[in-house]
$ cat coords_5.pdb   # PDB, C-alpha atoms
ATOM      1  CA  MET A  25       0.000   0.000   0.000
ATOM      2  CA  ASP A  26       1.229   3.500  -0.837
ATOM      3  CA  HIS A  27       3.021   5.763   1.637
ATOM      4  CA  TRP A  28       1.065   8.986   2.251
ATOM      5  CA  TYR A  29       2.348  12.286   3.614
ATOM      6  CA  VAL A  30       1.282  15.943   4.020
ATOM      7  CA  ASP A  31       3.418  18.469   2.171
ATOM      8  CA  ASP A  32       4.491  21.905   3.417
ATOM      9  CA  ARG A  33       1.565  23.758   1.809
ATOM     10  CA  CYS A  34      -0.709  22.674   4.689
ATOM     11  CA  THR A  35      -2.513  25.630   6.315
ATOM     12  CA  ASN A  36      -3.831  23.673   9.330
ATOM     13  CA  CYS A  37      -7.442  24.202   8.239
ATOM     14  CA  ASP A  38      -8.594  20.959   9.966
ATOM     15  CA  VAL A  39     -10.571  19.672   6.958
ATOM     16  CA  ALA A  40      -8.541  16.474   6.547
ATOM     17  CA  ARG A  41      -8.718  15.695  10.266
ATOM     18  CA  GLN A  42     -12.510  15.872  10.148
ATOM     19  CA  LEU A  43     -12.659  13.231   7.425
ATOM     20  CA  ALA A  44      -9.888  10.833   8.504
ATOM     21  CA  PRO A  45      -9.285  11.566  12.200
ATOM     22  CA  GLU A  46      -7.670   8.199  12.918
ATOM     23  CA  LEU A  47      -5.092   8.732  10.148
ATOM     24  CA  ILE A  48      -4.413  12.476  10.197
ATOM     25  CA  SER A  49      -3.722  14.544  13.317
ATOM     26  CA  GLU A  50      -2.470  17.990  14.219
ATOM     27  CA  VAL A  51       1.251  17.909  14.925
ATOM     28  CA  GLY A  52       3.219  21.094  15.495
ATOM     29  CA  GLY A  53       0.469  23.368  14.171
ATOM     30  CA  ARG A  54      -0.252  21.465  10.944
ATOM     31  CA  SER A  55      -1.725  18.193   9.750
ATOM     32  CA  GLU A  56       0.400  15.066   9.588
ATOM     33  CA  VAL A  57      -0.344  11.526   8.437
ATOM     34  CA  VAL A  58       0.216   9.721  11.730
ATOM     35  CA  ARG A  59      -0.740   6.265  10.474
ATOM     36  CA  GLN A  60      -0.975   4.721   7.018
ATOM     37  CA  PRO A  61      -4.344   3.200   5.965
ATOM     38  CA  ARG A  62      -4.644  -0.486   6.810
ATOM     39  CA  ASP A  63      -7.601  -1.497   4.659
ATOM     40  CA  GLU A  64      -9.887  -0.351   1.869
ATOM     41  CA  ALA A  65     -12.268   1.486   4.195
ATOM     42  CA  GLU A  66      -9.432   3.548   5.663
ATOM     43  CA  ALA A  67      -8.030   4.196   2.189
ATOM     44  CA  ARG A  68     -11.412   5.600   1.176
ATOM     45  CA  ARG A  69     -11.537   7.891   4.213
ATOM     46  CA  LEU A  70      -8.044   9.103   3.403
ATOM     47  CA  HIS A  71      -9.097   9.846  -0.183
ATOM     48  CA  ALA A  72     -12.039  11.878   1.136
ATOM     49  CA  ALA A  73      -9.478  13.995   3.013
ATOM     50  CA  VAL A  74      -7.310  14.190  -0.110
ATOM     51  CA  PHE A  75     -10.095  15.524  -2.316
ATOM     52  CA  ALA A  76     -11.379  17.970   0.307
ATOM     53  CA  CYS A  77      -7.984  19.483   1.212
ATOM     54  CA  PRO A  78      -7.917  23.035  -0.210
ATOM     55  CA  THR A  79      -4.156  22.984  -0.844
ATOM     56  CA  ARG A  80      -4.065  19.390  -2.138
ATOM     57  CA  SER A  81      -1.365  18.770   0.463
ATOM     58  CA  ILE A  82      -2.089  15.085   1.156
ATOM     59  CA  ARG A  83      -0.114  13.050  -1.328
ATOM     60  CA  PRO A  84       1.082   9.518  -2.050
ATOM     61  CA  ALA A  85       4.831   9.167  -2.417
ATOM     62  CA  SER A  86       4.382   7.257  -5.682
ATOM     63  CA  GLY A  87       2.436   9.949  -7.575
ATOM     64  CA  GLN A  88      -1.193  11.079  -7.874
ATOM     65  CA  PRO A  89      -4.188  10.007  -5.757
ATOM     66  CA  ASP A  90      -6.758   7.730  -7.356
ATOM     67  CA  ARG A  91      -9.464   9.977  -8.838
ATOM     68  CA  ALA A  92     -11.834   7.030  -8.909
ATOM     69  CA  LEU A  93     -11.870   7.258  -5.095
ATOM     70  CA  ASP A  94     -13.041  10.893  -5.041
ATOM     71  CA  PRO A  95     -16.304  10.503  -3.033
ATOM     72  CA  PHE A  96     -17.739  13.986  -3.458
ATOM     73  CA  PRO A  97     -20.430  15.072  -3.161
ATOM     74  CA  MET A  98     -20.678  12.713  -0.182
ATOM     75  CA  ALA A  99     -23.828  12.062   1.848
ATOM     76  CA  LEU A 100     -23.709  13.032   5.528
ATOM     77  CA  ASP A 101     -27.387  12.275   6.080
ATOM     78  CA  ASP A 102     -30.396  11.574   3.885
ATOM     79  CA  GLY A 103     -30.904  15.315   3.273
ATOM     80  CA  VAL A 104     -27.371  16.744   3.179
ATOM     81  CA  LEU A 105     -24.215  16.130   1.190
ATOM     82  CA  ILE A 106     -20.811  17.677   1.771
ATOM     83  CA  CYS A 107     -19.270  19.065  -1.415
ATOM     84  CA  GLY A 108     -15.567  18.494  -0.718
ATOM     85  CA  HIS A 109     -13.035  20.206  -3.001
ATOM     86  CA  ASN A 110     -12.671  23.056  -0.523
ATOM     87  CA  SER A 111     -11.426  26.317  -2.006
ATOM     88  CA  GLN A 112      -8.410  28.316  -0.838
ATOM     89  CA  HIS A 113     -10.356  31.409  -1.940
ATOM     90  CA  ASN A 114     -12.963  30.586   0.716
ATOM     91  CA  ALA A 115     -10.332  30.048   3.417
ATOM     92  CA  GLY A 116     -10.647  26.291   2.906
ATOM     93  CA  ALA A 117     -14.237  26.188   4.181
ATOM     94  CA  ASN A 118     -16.621  23.272   3.898
ATOM     95  CA  SER A 119     -19.671  23.653   1.659
ATOM     96  CA  TYR A 120     -22.854  21.621   1.503
ATOM     97  CA  LEU A 121     -25.775  20.585  -0.688
ATOM     98  CA  LEU A 122     -29.205  20.571   0.942
ATOM     99  CA  SER A 123     -31.729  18.305  -0.795
ATOM    100  CA  ARG A 124     -35.314  19.540  -0.966
ATOM    101  CA  PRO A 125     -38.542  17.480  -1.201
ATOM    102  CA  SER A 126     -39.186  18.972  -4.667
ATOM    103  CA  GLY A 127     -36.125  17.157  -6.034
ATOM    104  CA  THR A 128     -34.105  20.376  -6.151
ATOM    105  CA  ALA A 129     -31.157  21.383  -3.977
ATOM    106  CA  MET A 130     -29.577  24.400  -2.329
ATOM    107  CA  MET A 131     -25.810  24.955  -2.089
ATOM    108  CA  ILE A 132     -24.543  26.465   1.161
ATOM    109  CA  ASP A 133     -21.247  28.272   0.589
ATOM    110  CA  THR A 134     -19.163  27.051  -2.322
ATOM    111  CA  PRO A 135     -16.375  24.596  -3.131
ATOM    112  CA  ARG A 136     -13.624  25.399  -5.610
ATOM    113  CA  TRP A 137     -15.020  26.251  -9.014
ATOM    114  CA  SER A 138     -14.918  23.877 -11.938
ATOM    115  CA  ARG A 139     -17.510  23.074 -14.573
ATOM    116  CA  GLU A 140     -16.958  19.353 -14.010
ATOM    117  CA  LEU A 141     -17.639  19.695 -10.277
ATOM    118  CA  ALA A 142     -20.709  21.833 -10.939
ATOM    119  CA  GLY A 143     -22.066  19.011 -13.089
ATOM    120  CA  ARG A 144     -21.575  16.564 -10.238
ATOM    121  CA  TYR A 145     -23.344  18.820  -7.744
ATOM    122  CA  ALA A 146     -26.377  19.209 -10.022
ATOM    123  CA  ALA A 147     -26.544  15.529 -10.967
ATOM    124  CA  SER A 148     -29.207  14.629  -8.405
ATOM    125  CA  GLY A 149     -31.417  17.656  -9.127
ATOM    126  CA  PRO A 150     -31.402  21.338 -10.124
ATOM    127  CA  VAL A 151     -29.654  23.712  -7.684
ATOM    128  CA  THR A 152     -32.060  26.620  -7.184
ATOM    129  CA  ASP A 153     -30.200  28.711  -4.598
ATOM    130  CA  VAL A 154     -26.644  29.428  -3.467
ATOM    131  CA  LEU A 155     -26.692  30.576   0.164
ATOM    132  CA  LEU A 156     -23.634  32.459   1.417
ATOM    133  CA  THR A 157     -23.123  32.415   5.178
ATOM    134  CA  HIS A 158     -20.799  35.450   5.154
ATOM    135  CA  ARG A 159     -18.140  37.365   3.262
ATOM    136  CA  ASP A 160     -15.236  34.946   3.836
ATOM    137  CA  HIS A 161     -17.046  32.245   1.833
ATOM    138  CA  ALA A 162     -18.350  34.372  -1.039
ATOM    139  CA  ALA A 163     -15.783  33.326  -3.663
ATOM    140  CA  HIS A 164     -17.261  31.382  -6.592
ATOM    141  CA  GLY A 165     -20.815  32.201  -5.485
ATOM    142  CA  ARG A 166     -21.678  34.138  -8.622
ATOM    143  CA  ARG A 167     -20.084  31.533 -10.891
ATOM    144  CA  TYR A 168     -21.970  28.651  -9.366
ATOM    145  CA  ALA A 169     -25.237  30.623  -9.291
ATOM    146  CA  ASP A 170     -24.890  31.591 -12.955
ATOM    147  CA  HIS A 171     -23.996  28.049 -13.970
ATOM    148  CA  PHE A 172     -27.011  26.614 -12.141
ATOM    149  CA  GLY A 173     -29.366  29.467 -13.023
ATOM    150  CA  ALA A 174     -29.777  29.852  -9.245
ATOM    151  CA  ARG A 175     -30.419  32.762  -6.907
ATOM    152  CA  LEU A 176     -27.429  34.029  -4.898
ATOM    153  CA  TRP A 177     -28.128  35.070  -1.284
ATOM    154  CA  ILE A 178     -26.090  37.139   1.181
ATOM    155  CA  HIS A 179     -26.794  39.474   4.119
ATOM    156  CA  GLU A 180     -26.593  43.224   3.575
ATOM    157  CA  GLY A 181     -23.838  43.468   6.190
ATOM    158  CA  ASP A 182     -21.476  41.579   3.874
ATOM    159  CA  LEU A 183     -22.987  42.714   0.571
ATOM    160  CA  ASP A 184     -19.736  44.294  -0.621
ATOM    161  CA  ALA A 185     -18.323  40.736  -0.868
ATOM    162  CA  ALA A 186     -21.103  39.747  -3.313
ATOM    163  CA  PRO A 187     -22.546  43.036  -4.628
ATOM    164  CA  ASP A 188     -24.324  41.284  -7.491
ATOM    165  CA  ALA A 189     -26.302  38.965  -5.208
ATOM    166  CA  ASP A 190     -29.861  38.346  -6.401
ATOM    167  CA  GLN A 191     -31.358  38.218  -2.910
ATOM    168  CA  VAL A 192     -30.221  40.384   0.007
ATOM    169  CA  ILE A 193     -31.158  39.462   3.573
ATOM    170  CA  ARG A 194     -31.726  42.593   5.659
ATOM    171  CA  GLY A 195     -31.958  43.332   9.364
ATOM    172  CA  LEU A 196     -31.899  40.860  12.233
ATOM    173  CA  GLU A 197     -35.197  39.014  11.897
ATOM    174  CA  PRO A 198     -35.425  35.508  10.391
ATOM    175  CA  VAL A 199     -36.173  35.391   6.666
ATOM    176  CA  GLU A 200     -37.794  32.479   4.827
ATOM    177  CA  ILE A 201     -35.523  31.414   1.953
ATOM    178  CA  GLY A 202     -37.821  28.652   0.741
ATOM    179  CA  PRO A 203     -40.208  26.051   2.183
ATOM    180  CA  GLY A 204     -38.652  24.768   5.388
ATOM    181  CA  VAL A 205     -35.509  26.916   5.082
ATOM    182  CA  THR A 206     -34.943  30.072   7.142
ATOM    183  CA  ALA A 207     -32.034  32.525   7.329
ATOM    184  CA  HIS A 208     -31.177  33.749  10.826
ATOM    185  CA  PRO A 209     -28.922  36.834  10.742
ATOM    186  CA  LEU A 210     -26.116  36.372  13.279
ATOM    187  CA  PRO A 211     -23.715  39.336  13.233
ATOM    188  CA  GLY A 212     -20.513  38.731  15.141
ATOM    189  CA  HIS A 213     -17.922  36.775  13.192
ATOM    190  CA  THR A 214     -18.624  39.308  10.449
ATOM    191  CA  LEU A 215     -21.287  41.993  10.297
ATOM    192  CA  GLY A 216     -23.290  39.986   7.759
ATOM    193  CA  SER A 217     -22.944  36.447   9.131
ATOM    194  CA  VAL A 218     -26.029  34.235   8.768
ATOM    195  CA  LEU A 219     -27.185  30.819   9.989
ATOM    196  CA  TYR A 220     -29.393  28.820   7.626
ATOM    197  CA  LEU A 221     -31.836  26.498   9.376
ATOM    198  CA  ALA A 222     -33.525  23.754   7.352
ATOM    199  CA  ASP A 223     -36.449  21.552   8.407
ATOM    200  CA  ASP A 224     -35.676  22.056  12.109
ATOM    201  CA  ARG A 225     -32.943  19.500  11.474
ATOM    202  CA  TYR A 226     -29.917  21.093   9.828
ATOM    203  CA  CYS A 227     -28.149  24.282  10.915
ATOM    204  CA  PHE A 228     -25.540  25.608   8.467
ATOM    205  CA  SER A 229     -23.527  27.859  10.745
ATOM    206  CA  GLY A 230     -20.757  29.319   8.586
ATOM    207  CA  ASP A 231     -17.963  30.441  10.894
ATOM    208  CA  SER A 232     -20.239  31.348  13.808
ATOM    209  CA  ILE A 233     -20.574  27.976  15.614
ATOM    210  CA  TYR A 234     -18.685  24.700  15.278
ATOM    211  CA  TRP A 235     -18.061  21.460  17.162
ATOM    212  CA  SER A 236     -14.682  21.494  18.885
ATOM    213  CA  ARG A 237     -13.204  18.016  19.278
ATOM    214  CA  SER A 238     -10.716  19.282  21.835
ATOM    215  CA  LEU A 239     -13.495  20.750  24.002
ATOM    216  CA  GLY A 240     -16.100  18.099  23.242
ATOM    217  CA  ASP A 241     -18.689  20.834  22.844
ATOM    218  CA  LEU A 242     -20.061  23.591  20.635
ATOM    219  CA  ALA A 243     -17.678  26.534  20.347
ATOM    220  CA  VAL A 244     -17.149  29.924  18.747
ATOM    221  CA  ALA A 245     -13.871  30.881  17.107
ATOM    222  CA  GLU A 246     -13.260  33.715  19.543
ATOM    223  CA  SER A 247      -9.722  34.328  18.263
ATOM    224  CA  VAL A 248     -10.960  34.733  14.674
ATOM    225  CA  THR A 249     -13.927  37.053  15.185
ATOM    226  CA  TRP A 250     -13.494  39.852  12.677
ATOM    227  CA  HIS A 251     -16.455  42.065  13.624
ATOM    228  CA  SER A 252     -17.364  41.846  17.317
ATOM    229  CA  ILE A 253     -17.336  39.120  19.954
ATOM    230  CA  GLU A 254     -19.832  41.170  22.006
ATOM    231  CA  GLU A 255     -22.216  41.299  19.058
ATOM    232  CA  LEU A 256     -21.759  37.575  18.482
ATOM    233  CA  ALA A 257     -22.735  36.986  22.113
ATOM    234  CA  ALA A 258     -25.849  39.148  21.671
ATOM    235  CA  SER A 259     -26.718  37.299  18.462
ATOM    236  CA  LEU A 260     -26.404  33.896  20.130
ATOM    237  CA  ALA A 261     -28.539  35.051  23.060
ATOM    238  CA  ARG A 262     -31.200  36.188  20.585
ATOM    239  CA  VAL A 263     -31.361  32.990  18.504
ATOM    240  CA  ALA A 264     -30.410  30.212  20.947
ATOM    241  CA  GLY A 265     -34.000  29.732  22.076
ATOM    242  CA  ARG A 266     -35.323  29.748  18.497
ATOM    243  CA  LEU A 267     -33.042  27.202  16.875
ATOM    244  CA  ARG A 268     -34.148  23.569  16.837
ATOM    245  CA  CYS A 269     -31.819  21.249  14.970
ATOM    246  CA  GLU A 270     -30.019  17.908  15.075
ATOM    247  CA  TRP A 271     -27.027  18.804  12.913
ATOM    248  CA  MET A 272     -24.532  21.648  13.289
ATOM    249  CA  LEU A 273     -22.794  22.028   9.918
ATOM    250  CA  PRO A 274     -20.077  24.705   9.978
ATOM    251  CA  GLY A 275     -17.702  26.061   7.391
ATOM    252  CA  HIS A 276     -14.714  25.577   9.676
ATOM    253  CA  GLY A 277     -14.378  23.140  12.550
ATOM    254  CA  ASP A 278     -16.073  19.800  12.946
ATOM    255  CA  ARG A 279     -19.678  18.823  12.405
ATOM    256  CA  CYS A 280     -21.906  17.201  15.007
ATOM    257  CA  ARG A 281     -25.257  15.479  15.329
ATOM    258  CA  LEU A 282     -27.118  15.515  18.633
ATOM    259  CA  ASP A 283     -30.610  14.970  19.965
ATOM    260  CA  VAL A 284     -32.635  18.152  19.318
ATOM    261  CA  ASP A 285     -33.112  18.909  23.013
ATOM    262  CA  GLU A 286     -29.417  18.298  23.726
ATOM    263  CA  MET A 287     -28.409  20.601  20.869
ATOM    264  CA  SER A 288     -30.727  23.306  22.233
ATOM    265  CA  ARG A 289     -29.229  22.936  25.712
ATOM    266  CA  ARG A 290     -25.703  23.238  24.350
ATOM    267  CA  LEU A 291     -26.630  26.280  22.237
ATOM    268  CA  ARG A 292     -27.996  28.071  25.293
ATOM    269  CA  ALA A 293     -24.865  27.171  27.264
ATOM    270  CA  LEU A 294     -22.682  28.434  24.390
ATOM    271  CA  ALA A 295     -24.549  31.740  24.412
ATOM    272  CA  GLU A 296     -23.878  32.063  28.147
ATOM    273  CA  ARG A 297     -20.155  31.278  27.738
ATOM    274  CA  THR A 298     -19.770  33.645  24.806
ATOM    275  CA  ALA A 299     -21.275  36.494  26.875
ATOM    276  CA  LEU A 300     -18.219  36.236  29.163
ATOM    277  CA  LEU A 301     -15.694  36.685  26.319
ATOM    278  CA  ARG A 302     -13.947  39.939  25.531
ATOM    279  CA  PRO A 303     -12.244  41.186  22.339
ATOM    280  CA  ARG A 304      -8.829  39.741  21.580
ATOM    281  CA  PRO A 305      -6.339  40.019  18.714
ATOM    282  CA  ILE A 306      -6.913  37.843  15.661
ATOM    283  CA  ASP A 307      -4.921  34.634  16.106
ATOM    284  CA  PHE A 308      -5.559  31.667  13.824
ATOM    285  CA  THR A 309      -3.232  29.459  15.878
ATOM    286  CA  ALA A 310      -5.485  29.809  18.945
ATOM    287  CA  VAL A 311      -8.547  28.117  17.408
ATOM    288  CA  ARG A 312      -9.454  25.074  19.510
ATOM    289  CA  TRP A 313     -10.185  22.414  16.900
TER     290      TRP A 313
END
$ encode --input "coords_5.pdb" --output "structure tokens"
Amino acid sequence: MDHWYVDDRCTNCDVARQLAPELISEVGGRSEVVRQPRDEAEARRLHAAVFACPTRSIRPASGQPDRALDPFPMALDDGVLICGHNSQHNAGANSYLLSRPSGTAMMIDTPRWSRELAGRYAASGPVTDVLLTHRDHAAHGRRYADHFGARLWIHEGDLDAAPDADQVIRGLEPVEIGPGVTAHPLPGHTLGSVLYLADDRYCFSGDSIYWSRSLGDLAVAESVTWHSIEELAASLARVAGRLRCEWMLPGHGDRCRLDVDEMSRRLRALAERTALLRPRPIDFTAVRW
């Protein structure tokens, strides 16, 4: 079996560790292959990490990875797929496809752009909407929306990152995007950050909330809050009682699935913890993955 390694382009974005945590770990502030795959199942998990990595840093010593083992888009649940092929232009963020009962889909944030990938993402049904969670993930939004003939959504607070958006979310009140899908403005990480809640089951949280493996709990990236940690705390206090979901699906950091009541309890506790935080300098190395 091939010998795999991570090259020096790694930006420590955590994407690979989410997909193959038993094989790839954080060592010295970057990802390292800490164990080679032992069987076909582990090889497939490693290839998921390979084809999600935004810098394509995970490589076999003998040459190129096997493109036949590219799993994306990959189902996380019966209603959500993860796109993979994370884009450096979106800070390496995860993006998702949300399946709708009509047979259509919505894309939340965007992977790297390619016409071939766009064809894959539309294979199971027309993509009607591209939902941007905030300015950091706005790259490729217009290209994907134009390719799909879809509407492009963003909040007015981050409109300068996608000034040609078709639909602009305004203010702080929830906005219905489509049947069963609601945008919840959540200023804090950026002025125009938004959560998208679907079917009281899936919460696409952008960079506002993620599951921290090191903490074993929901977390905010307090050291990478560009707008205001105080406003993020106020936003969480406002929405924590409204959100009912099983899945937390962030752009950065790990995903989690919990019982709805347990997720609600943890969201309220996160709002309380965030209210105690104070502004600090931006420091990517301090994020608690």
$ resolve_selection --input "coords_5.pdb" --expression "the PyMOL selection byres ((chain A and resi 275) around 7)" --output "JSON, numbers by chain"
{"A": [117, 118, 119, 229, 230, 231, 273, 274, 276, 277]}
$ resolve_selection --input "coords_5.pdb" --expression "the PyMOL selection byres ((chain A and resi 89-96) around 10)" --output "VMD selection string"
chain A and resid 26 28 67 to 76 82 to 88 97 to 99 105 to 109 141 144 to 145
$ resolve_selection --input "coords_5.pdb" --expression "the PyMOL selection byres ((chain A and resi 36) around 6)" --output "count of residues only"
6
$ atom_distance --input "coords_5.pdb" --atom1 "CA of Val205 in chain A" --atom2 "CA of Ala222 in chain A"
4.4 Å
$ residues_around --input "coords_5.pdb" --residues "range 183-199 of chain A" --least-positions-apart "6" --cutoff "10 Å" --atoms "only C-alpha atoms" --output "PyMOL selection string"
chain A and resi 153-156+158-166+169+174-177+205-211+215-216+218-221+259+262-263+266
$ residues_around --input "coords_5.pdb" --residues "Arg302 in chain A" --least-positions-apart "3" --cutoff "10 Å" --atoms "all atoms listed in the file" --output "JSON, numbers by chain"
{"A": [246, 252, 253, 254, 257, 298, 299]}
$ residues_around --input "coords_5.pdb" --residues "Cys77 in chain A" --least-positions-apart "6" --cutoff "7 Å" --atoms "all atoms listed in the file" --output "ChimeraX atom specification"
/A:39-40,109-110
$ closest_residue --input "coords_5.pdb" --among "A:Pro125, A:Gly265, A:Pro135, A:Gly240" --to "Arg292 in chain A" --atoms "all atoms listed in the file"
A:Gly265
$ atom_distance --input "coords_5.pdb" --atom1 "CA of Ala129 in chain A" --atom2 "CA of Val244 in chain A"
28.0 Å
$ atom_distance --input "coords_5.pdb" --atom1 "CA of Glu56 in chain A" --atom2 "CA of Tyr29 in chain A"
6.9 Å
$ closest_residue --input "coords_5.pdb" --among "A:Trp250, A:Phe172, A:Trp271, A:Trp235" --to "Gly143 in chain A" --atoms "all atoms listed in the file"
A:Phe172
$ residues_around --input "coords_5.pdb" --residues "Leu47 in chain A" --least-positions-apart "2" --cutoff "7 Å" --atoms "only C-alpha atoms" --output "PyMOL selection string"
chain A and resi 44-45+49+57-61
